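As stored in model12.cif (mmCIF, C-alpha atoms; chains and numbers go by the auth columns):
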```cif
data_model
#
loop_
_atom_site.group_PDB
_atom_site.id
_atom_site.type_symbol
_atom_site.label_atom_id
_atom_site.label_comp_id
_atom_site.label_asym_id
_atom_site.label_seq_id
_atom_site.Cartn_x
_atom_site.Cartn_y
_atom_site.Cartn_z
_atom_site.B_iso_or_equiv
_atom_site.auth_seq_id
_atom_site.auth_asym_id
ATOM 1 C CA GLU A 1 26.592 -1.699 -16.116 0.00 1 A
ATOM 2 C CA PRO A 2 25.148 -3.917 -18.890 0.00 2 A
ATOM 3 C CA GLU A 3 22.416 -2.324 -20.982 0.00 3 A
ATOM 4 C CA VAL A 4 19.613 -3.316 -23.300 0.00 4 A
ATOM 5 C CA THR A 5 20.139 -1.425 -26.550 0.00 5 A
ATOM 6 C CA GLN A 6 17.311 -0.466 -28.865 0.00 6 A
ATOM 7 C CA THR A 7 17.500 0.922 -32.382 0.00 7 A
ATOM 8 C CA PRO A 8 16.381 3.163 -33.888 0.00 8 A
ATOM 9 C CA SER A 9 15.496 5.633 -31.144 0.00 9 A
ATOM 10 C CA HIS A 10 12.830 7.174 -33.364 0.00 10 A
ATOM 11 C CA GLN A 11 11.141 5.797 -36.459 0.00 11 A
ATOM 12 C CA VAL A 12 8.570 7.492 -38.640 0.00 12 A
ATOM 13 C CA THR A 13 6.660 5.307 -41.067 0.00 13 A
ATOM 14 C CA GLN A 14 3.669 5.564 -43.347 0.00 14 A
ATOM 15 C CA MET A 15 0.500 3.727 -42.519 0.00 15 A
ATOM 16 C CA GLY A 16 0.501 0.262 -44.073 0.00 16 A
ATOM 17 C CA GLN A 17 4.283 -0.047 -44.139 0.00 17 A
ATOM 18 C CA GLU A 18 6.235 -2.723 -42.332 0.00 18 A
ATOM 19 C CA VAL A 19 8.625 -1.772 -39.544 0.00 19 A
ATOM 20 C CA ILE A 20 11.216 -3.738 -37.645 0.00 20 A
ATOM 21 C CA LEU A 21 12.287 -2.590 -34.217 0.00 21 A
ATOM 22 C CA ARG A 22 15.594 -3.938 -33.015 0.00 22 A
ATOM 23 C CA CYS A 23 16.890 -4.810 -29.579 0.00 23 A
ATOM 24 C CA VAL A 24 20.143 -6.212 -28.251 0.00 24 A
ATOM 25 C CA PRO A 25 19.415 -7.771 -24.859 0.00 25 A
ATOM 26 C CA ILE A 26 22.039 -8.303 -22.182 0.00 26 A
ATOM 27 C CA SER A 27 24.247 -11.161 -23.293 0.00 27 A
ATOM 28 C CA ASN A 28 23.576 -13.727 -20.541 0.00 28 A
ATOM 29 C CA HIS A 29 19.856 -13.015 -20.292 0.00 29 A
ATOM 30 C CA LEU A 30 17.528 -15.681 -21.620 0.00 30 A
ATOM 31 C CA TYR A 31 14.057 -14.132 -21.308 0.00 31 A
ATOM 32 C CA PHE A 32 13.075 -11.327 -23.656 0.00 32 A
ATOM 33 C CA TYR A 33 10.052 -9.043 -23.737 0.00 33 A
ATOM 34 C CA TRP A 34 8.408 -6.303 -25.747 0.00 34 A
ATOM 35 C CA TYR A 35 6.215 -3.675 -24.134 0.00 35 A
ATOM 36 C CA ARG A 36 4.645 -0.564 -25.562 0.00 36 A
ATOM 37 C CA GLN A 37 3.442 2.726 -24.110 0.00 37 A
ATOM 38 C CA ILE A 38 1.051 4.950 -25.967 0.00 38 A
ATOM 39 C CA LEU A 39 1.613 8.602 -25.075 0.00 39 A
ATOM 40 C CA GLY A 40 0.129 9.379 -21.686 0.00 40 A
ATOM 41 C CA GLN A 41 -0.948 5.790 -21.017 0.00 41 A
ATOM 42 C CA LYS A 42 0.318 2.766 -19.085 0.00 42 A
ATOM 43 C CA VAL A 43 3.169 0.507 -20.101 0.00 43 A
ATOM 44 C CA GLU A 44 1.520 -2.515 -21.751 0.00 44 A
ATOM 45 C CA PHE A 45 2.897 -6.024 -22.158 0.00 45 A
ATOM 46 C CA LEU A 46 3.050 -7.339 -25.715 0.00 46 A
ATOM 47 C CA VAL A 47 5.007 -10.583 -25.746 0.00 47 A
ATOM 48 C CA SER A 48 7.569 -12.703 -23.930 0.00 48 A
ATOM 49 C CA PHE A 49 10.083 -14.964 -25.642 0.00 49 A
ATOM 50 C CA TYR A 50 12.203 -17.809 -24.317 0.00 50 A
ATOM 51 C CA ASN A 51 14.106 -20.669 -25.910 0.00 51 A
ATOM 52 C CA ASN A 52 13.327 -19.377 -29.401 0.00 52 A
ATOM 53 C CA GLU A 53 9.605 -19.336 -28.996 0.00 53 A
ATOM 54 C CA ILE A 54 6.853 -17.107 -27.697 0.00 54 A
ATOM 55 C CA SER A 55 6.008 -18.034 -24.096 0.00 55 A
ATOM 56 C CA GLU A 56 3.172 -15.564 -23.614 0.00 56 A
ATOM 57 C CA LYS A 57 1.462 -12.838 -25.615 0.00 57 A
ATOM 58 C CA SER A 58 -1.220 -10.266 -24.948 0.00 58 A
ATOM 59 C CA GLU A 59 -4.383 -9.514 -26.895 0.00 59 A
ATOM 60 C CA ILE A 60 -2.579 -6.573 -28.469 0.00 60 A
ATOM 61 C CA PHE A 61 -0.058 -8.936 -30.077 0.00 61 A
ATOM 62 C CA ASP A 62 -2.212 -9.992 -33.020 0.00 62 A
ATOM 63 C CA ASP A 63 -1.244 -11.428 -36.401 0.00 63 A
ATOM 64 C CA GLN A 64 0.344 -8.208 -37.578 0.00 64 A
ATOM 65 C CA PHE A 65 3.050 -8.549 -34.937 0.00 65 A
ATOM 66 C CA SER A 66 5.893 -11.043 -34.889 0.00 66 A
ATOM 67 C CA VAL A 67 9.126 -11.483 -32.955 0.00 67 A
ATOM 68 C CA GLU A 68 12.353 -13.137 -33.873 0.00 68 A
ATOM 69 C CA ARG A 69 15.790 -13.807 -32.496 0.00 69 A
ATOM 70 C CA PRO A 70 17.620 -14.137 -35.810 0.00 70 A
ATOM 71 C CA ASP A 71 21.062 -14.602 -34.292 0.00 71 A
ATOM 72 C CA GLY A 72 22.599 -14.919 -30.861 0.00 72 A
ATOM 73 C CA SER A 73 22.300 -11.260 -30.006 0.00 73 A
ATOM 74 C CA ASN A 74 19.386 -9.469 -31.662 0.00 74 A
ATOM 75 C CA PHE A 75 15.706 -9.621 -30.722 0.00 75 A
ATOM 76 C CA THR A 76 13.320 -7.977 -33.165 0.00 76 A
ATOM 77 C CA LEU A 77 9.697 -6.892 -33.224 0.00 77 A
ATOM 78 C CA LYS A 78 8.086 -6.679 -36.651 0.00 78 A
ATOM 79 C CA ILE A 79 4.834 -4.888 -37.354 0.00 79 A
ATOM 80 C CA ARG A 80 3.644 -6.006 -40.759 0.00 80 A
ATOM 81 C CA SER A 81 1.199 -3.305 -41.760 0.00 81 A
ATOM 82 C CA THR A 82 1.329 -0.360 -39.409 0.00 82 A
ATOM 83 C CA LYS A 83 -1.761 1.524 -38.311 0.00 83 A
ATOM 84 C CA LEU A 84 -2.034 5.003 -36.832 0.00 84 A
ATOM 85 C CA GLU A 85 -2.841 3.449 -33.442 0.00 85 A
ATOM 86 C CA ASP A 86 0.504 1.621 -33.430 0.00 86 A
ATOM 87 C CA SER A 87 2.184 4.949 -32.701 0.00 87 A
ATOM 88 C CA ALA A 88 3.814 4.473 -29.306 0.00 88 A
ATOM 89 C CA MET A 89 7.069 3.971 -27.453 0.00 89 A
ATOM 90 C CA TYR A 90 8.189 0.356 -27.741 0.00 90 A
ATOM 91 C CA PHE A 91 10.404 -1.025 -24.999 0.00 91 A
ATOM 92 C CA CYS A 92 12.450 -4.185 -25.095 0.00 92 A
ATOM 93 C CA ALA A 93 13.381 -5.904 -21.827 0.00 93 A
ATOM 94 C CA SER A 94 15.402 -8.923 -20.787 0.00 94 A
ATOM 95 C CA ARG A 95 16.137 -10.848 -17.630 0.00 95 A
ATOM 96 C CA LEU A 96 18.127 -13.759 -16.259 0.00 96 A
ATOM 97 C CA PRO A 97 16.449 -17.159 -15.892 0.00 97 A
ATOM 98 C CA GLY A 98 15.492 -18.593 -12.545 0.00 98 A
ATOM 99 C CA GLN A 99 12.642 -18.347 -10.103 0.00 99 A
ATOM 100 C CA VAL A 100 14.529 -16.003 -7.818 0.00 100 A
ATOM 101 C CA ASN A 101 12.906 -13.067 -9.513 0.00 101 A
ATOM 102 C CA TYR A 102 15.721 -11.077 -10.904 0.00 102 A
ATOM 103 C CA GLY A 103 14.896 -7.555 -12.008 0.00 103 A
ATOM 104 C CA TYR A 104 14.084 -6.880 -15.611 0.00 104 A
ATOM 105 C CA THR A 105 16.347 -4.563 -17.595 0.00 105 A
ATOM 106 C CA PHE A 106 14.577 -2.292 -20.064 0.00 106 A
ATOM 107 C CA GLY A 107 15.971 -0.448 -23.042 0.00 107 A
ATOM 108 C CA SER A 108 15.432 3.261 -23.646 0.00 108 A
ATOM 109 C CA GLY A 109 12.793 2.540 -26.245 0.00 109 A
ATOM 110 C CA THR A 110 11.958 3.239 -29.868 0.00 110 A
ATOM 111 C CA ARG A 111 9.438 5.958 -30.540 0.00 111 A
ATOM 112 C CA LEU A 112 7.320 4.791 -33.464 0.00 112 A
ATOM 113 C CA THR A 113 5.273 7.412 -35.269 0.00 113 A
ATOM 114 C CA VAL A 114 2.849 6.207 -37.919 0.00 114 A
ATOM 115 C CA VAL A 115 1.630 8.933 -40.289 0.00 115 A
ATOM 116 C CA ASP B 1 -2.834 -11.192 -11.324 0.00 1 B
ATOM 117 C CA ALA B 2 -3.053 -9.585 -7.905 0.00 2 B
ATOM 118 C CA LYS B 3 -3.658 -5.853 -8.001 0.00 3 B
ATOM 119 C CA THR B 4 -1.757 -2.986 -6.377 0.00 4 B
ATOM 120 C CA THR B 5 -3.031 0.438 -5.341 0.00 5 B
ATOM 121 C CA GLN B 6 -0.780 3.494 -5.271 0.00 6 B
ATOM 122 C CA PRO B 7 -1.459 7.216 -4.819 0.00 7 B
ATOM 123 C CA ASN B 8 -1.643 9.080 -8.119 0.00 8 B
ATOM 124 C CA SER B 9 1.025 11.573 -7.157 0.00 9 B
ATOM 125 C CA MET B 10 3.290 12.712 -4.339 0.00 10 B
ATOM 126 C CA GLU B 11 5.552 15.647 -3.791 0.00 11 B
ATOM 127 C CA SER B 12 8.815 15.863 -1.893 0.00 12 B
ATOM 128 C CA ASN B 13 11.488 18.400 -1.135 0.00 13 B
ATOM 129 C CA GLU B 14 14.997 17.799 -2.339 0.00 14 B
ATOM 130 C CA GLU B 15 17.322 16.136 0.182 0.00 15 B
ATOM 131 C CA GLU B 16 14.389 14.849 2.260 0.00 16 B
ATOM 132 C CA PRO B 17 13.252 11.208 2.598 0.00 17 B
ATOM 133 C CA VAL B 18 10.309 10.003 0.539 0.00 18 B
ATOM 134 C CA HIS B 19 7.991 7.170 1.477 0.00 19 B
ATOM 135 C CA LEU B 20 5.986 5.799 -1.445 0.00 20 B
ATOM 136 C CA PRO B 21 3.167 3.495 -0.309 0.00 21 B
ATOM 137 C CA CYS B 22 1.624 0.535 -2.101 0.00 22 B
ATOM 138 C CA ASN B 23 -1.355 -1.573 -1.049 0.00 23 B
ATOM 139 C CA HIS B 24 -1.663 -5.145 -2.247 0.00 24 B
ATOM 140 C CA SER B 25 -4.276 -6.766 -0.050 0.00 25 B
ATOM 141 C CA THR B 26 -4.825 -9.737 -2.402 0.00 26 B
ATOM 142 C CA ILE B 27 -1.160 -10.704 -2.572 0.00 27 B
ATOM 143 C CA SER B 28 -0.516 -14.443 -2.607 0.00 28 B
ATOM 144 C CA GLY B 29 2.156 -16.182 -0.590 0.00 29 B
ATOM 145 C CA THR B 30 4.507 -16.584 -3.530 0.00 30 B
ATOM 146 C CA ASP B 31 4.192 -13.100 -5.036 0.00 31 B
ATOM 147 C CA TYR B 32 7.310 -10.977 -5.009 0.00 32 B
ATOM 148 C CA ILE B 33 6.903 -7.222 -4.633 0.00 33 B
ATOM 149 C CA HIS B 34 8.793 -5.352 -7.335 0.00 34 B
ATOM 150 C CA TRP B 35 9.348 -1.626 -7.711 0.00 35 B
ATOM 151 C CA TYR B 36 10.285 0.047 -10.957 0.00 36 B
ATOM 152 C CA ARG B 37 10.524 3.682 -11.913 0.00 37 B
ATOM 153 C CA GLN B 38 10.276 5.496 -15.210 0.00 38 B
ATOM 154 C CA LEU B 39 12.142 8.732 -15.664 0.00 39 B
ATOM 155 C CA PRO B 40 10.770 11.146 -18.287 0.00 40 B
ATOM 156 C CA SER B 41 11.254 9.853 -21.840 0.00 41 B
ATOM 157 C CA GLN B 42 12.997 6.672 -20.670 0.00 42 B
ATOM 158 C CA GLY B 43 12.182 3.015 -20.231 0.00 43 B
ATOM 159 C CA PRO B 44 11.231 1.543 -16.863 0.00 44 B
ATOM 160 C CA GLU B 45 14.140 0.961 -14.510 0.00 45 B
ATOM 161 C CA TYR B 46 14.340 -1.738 -11.845 0.00 46 B
ATOM 162 C CA VAL B 47 14.580 -0.292 -8.339 0.00 47 B
ATOM 163 C CA ILE B 48 14.192 -3.089 -5.801 0.00 48 B
ATOM 164 C CA HIS B 49 12.202 -6.200 -4.970 0.00 49 B
ATOM 165 C CA GLY B 50 11.423 -8.343 -1.944 0.00 50 B
ATOM 166 C CA LEU B 51 9.310 -11.195 -0.640 0.00 51 B
ATOM 167 C CA THR B 52 8.881 -10.896 3.129 0.00 52 B
ATOM 168 C CA SER B 53 11.876 -9.169 4.691 0.00 53 B
ATOM 169 C CA ASN B 54 12.845 -5.543 4.304 0.00 54 B
ATOM 170 C CA VAL B 55 15.443 -4.977 1.607 0.00 55 B
ATOM 171 C CA ASN B 56 18.071 -2.328 1.001 0.00 56 B
ATOM 172 C CA ASN B 57 20.137 -1.525 -2.046 0.00 57 B
ATOM 173 C CA ARG B 58 22.065 1.444 -3.331 0.00 58 B
ATOM 174 C CA MET B 59 18.944 3.040 -4.799 0.00 59 B
ATOM 175 C CA ALA B 60 16.321 2.579 -2.116 0.00 60 B
ATOM 176 C CA SER B 61 14.875 0.547 0.745 0.00 61 B
ATOM 177 C CA LEU B 62 11.762 -1.581 0.668 0.00 62 B
ATOM 178 C CA ALA B 63 9.740 -1.996 3.831 0.00 63 B
ATOM 179 C CA ILE B 64 7.200 -4.838 3.715 0.00 64 B
ATOM 180 C CA ALA B 65 4.364 -5.076 6.216 0.00 65 B
ATOM 181 C CA GLU B 66 4.261 -8.183 8.358 0.00 66 B
ATOM 182 C CA ASP B 67 1.019 -9.362 6.721 0.00 67 B
ATOM 183 C CA ARG B 68 2.490 -8.439 3.292 0.00 68 B
ATOM 184 C CA LYS B 69 -0.648 -6.527 2.354 0.00 69 B
ATOM 185 C CA SER B 70 1.274 -3.323 1.898 0.00 70 B
ATOM 186 C CA SER B 71 4.791 -2.100 1.257 0.00 71 B
ATOM 187 C CA THR B 72 6.669 1.180 1.187 0.00 72 B
ATOM 188 C CA LEU B 73 9.479 2.253 -1.073 0.00 73 B
ATOM 189 C CA ILE B 74 11.833 4.583 0.754 0.00 74 B
ATOM 190 C CA LEU B 75 14.149 7.008 -0.997 0.00 75 B
ATOM 191 C CA HIS B 76 16.413 8.215 1.772 0.00 76 B
ATOM 192 C CA ARG B 77 17.342 11.569 0.252 0.00 77 B
ATOM 193 C CA ALA B 78 15.345 12.630 -2.759 0.00 78 B
ATOM 194 C CA THR B 79 17.151 14.420 -5.550 0.00 79 B
ATOM 195 C CA LEU B 80 15.743 16.142 -8.612 0.00 80 B
ATOM 196 C CA ARG B 81 16.856 13.108 -10.571 0.00 81 B
ATOM 197 C CA ASP B 82 14.415 10.943 -8.602 0.00 82 B
ATOM 198 C CA ALA B 83 11.423 12.701 -10.159 0.00 83 B
ATOM 199 C CA ALA B 84 9.717 9.856 -12.000 0.00 84 B
ATOM 200 C CA VAL B 85 6.712 7.553 -12.087 0.00 85 B
ATOM 201 C CA TYR B 86 7.134 4.756 -9.524 0.00 86 B
ATOM 202 C CA TYR B 87 5.417 1.431 -10.102 0.00 87 B
ATOM 203 C CA CYS B 88 4.697 -1.203 -7.488 0.00 88 B
ATOM 204 C CA ILE B 89 4.190 -4.580 -9.200 0.00 89 B
ATOM 205 C CA LEU B 90 3.469 -8.060 -7.880 0.00 90 B
ATOM 206 C CA ARG B 91 5.220 -10.846 -9.668 0.00 91 B
ATOM 207 C CA PRO B 92 4.522 -14.557 -9.081 0.00 92 B
ATOM 208 C CA ALA B 93 7.546 -16.658 -8.197 0.00 93 B
ATOM 209 C CA ARG B 94 7.355 -18.936 -11.182 0.00 94 B
ATOM 210 C CA GLU B 95 9.539 -19.260 -14.207 0.00 95 B
ATOM 211 C CA TYR B 96 6.851 -18.775 -16.846 0.00 96 B
ATOM 212 C CA GLY B 97 3.854 -16.483 -17.197 0.00 97 B
ATOM 213 C CA ASN B 98 5.749 -13.844 -15.334 0.00 98 B
ATOM 214 C CA LYS B 99 5.236 -10.684 -17.312 0.00 99 B
ATOM 215 C CA LEU B 100 5.294 -7.433 -15.404 0.00 100 B
ATOM 216 C CA VAL B 101 1.870 -5.781 -15.306 0.00 101 B
ATOM 217 C CA PHE B 102 2.224 -2.029 -14.938 0.00 102 B
ATOM 218 C CA GLY B 103 -0.450 0.111 -13.339 0.00 103 B
ATOM 219 C CA ALA B 104 -0.620 3.887 -13.422 0.00 104 B
ATOM 220 C CA GLY B 105 2.022 4.229 -10.689 0.00 105 B
ATOM 221 C CA THR B 106 2.787 7.237 -8.489 0.00 106 B
ATOM 222 C CA ILE B 107 4.136 10.394 -10.081 0.00 107 B
ATOM 223 C CA LEU B 108 6.817 11.721 -7.739 0.00 108 B
ATOM 224 C CA ARG B 109 7.629 15.410 -8.000 0.00 109 B
ATOM 225 C CA VAL B 110 10.733 16.688 -6.259 0.00 110 B
ATOM 226 C CA LYS B 111 11.002 20.374 -5.409 0.00 111 B
ATOM 227 C CA SER B 112 14.302 22.174 -5.064 0.00 112 B
#
```
Please re-express this file's structure in structure tokens.
Amino acid sequence: EPEVTQTPSHQVTQMGQEVILRCVPISNHLYFYWYRQILGQKVEFLVSFYNNEISEKSEIFDDQFSVERPDGSNFTLKIRSTKLEDSAMYFCASRLPGQVNYGYTFGSGTRLTVV
Amino acid sequence: DAKTTQPNSMESNEEEPVHLPCNHSTISGTDYIHWYRQLPSQGPEYVIHGLTSNVNNRMASLAIAEDRKSSTLILHRATLRDAAVYYCILRPAREYGNKLVFGAGTILRVKS
């Protein structure tokens, strides 16, 4: 079964450093998402991306965050200057286009620890 | 976005059916009912979705009330591997603005 692949599985970074989280969505999917989950809390939406632009973003997704699809396969989330409160699991998701409401496929996540 | 209400937790015995309820009294006519689950230390996983009719797939069944104000996810024979957090989510049937909004979900514990 096709999978969404995320790398790395765990990243430790120092406060103030930039990190890039990588995702390879399913090849024929056209909608891409980033979510995060702080330990013990709900899964929170960050941003959705379609046709090479952001289609929706949450209040969490401020100027320190950016997303990019640099080639035909990767989808990245960059955090410019990490803070302690950015420590969380980050999940990438993708889905097929269409209003028929296909299910979303999530990756296994990247655990980001900011020290 | 319309809101869903689920019990905080439920417990089941292995090999027995599990009925996970969800209330969504403010559902609109074009909202699809989605269920996802999250196994420990993993990302959410799609389980099933429906609009008005009951739905079955290899993982589960979804029973939708006639007035659509509630639904029930049915696991026919729970296994230890089904222990997870189950999320009931309403998703508008439109192409854009269709992020999934996760609540706290129901923690399902399965006893052997």
For this session: May I have the protein, DNA and RNA residues with an atom at most 12 Å from (14.9, 5.0, -7.5), counting all atoms listed in the file in the file's coordinates, returned as an MDAnalysis selection string?
Result: chainID B and resid 17:20 35:39 44:49 56:62 73:88 108
For this session: Check what the PyMOL selection byres ((chain A) within 12 of (chain B)) selects in the file above and give those residues as a PyMOL selection string.
Result: chain A and resi 3-6+9-10+30-37+39-51+54-58+88-111
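Taking atom CA of Ser12 of chain B as the reference point, atom CA of Ala63 of chain B is found at 18.8 Å.
Straight-line separation from atom CA of Thr5 of chain B to atom CA of Ile38 of chain A: 21.5 Å.
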For this session: Starting from the displayed file, determine the output of the PyMOL selection byres ((chain A and resi 76-85) around 10) and express the residue list as a PyMOL selection string.
Result: chain A and resi 6-7+13-24+33-34+38+47+61-70+74-75+86-88+90+92+112-115
Exercise. Which is closest to Thr4 of chain B among B:Val55, B:Ile64, B:Val110, B:Ile27, if we use all atoms listed in the file?
Worked result: B:Ile27
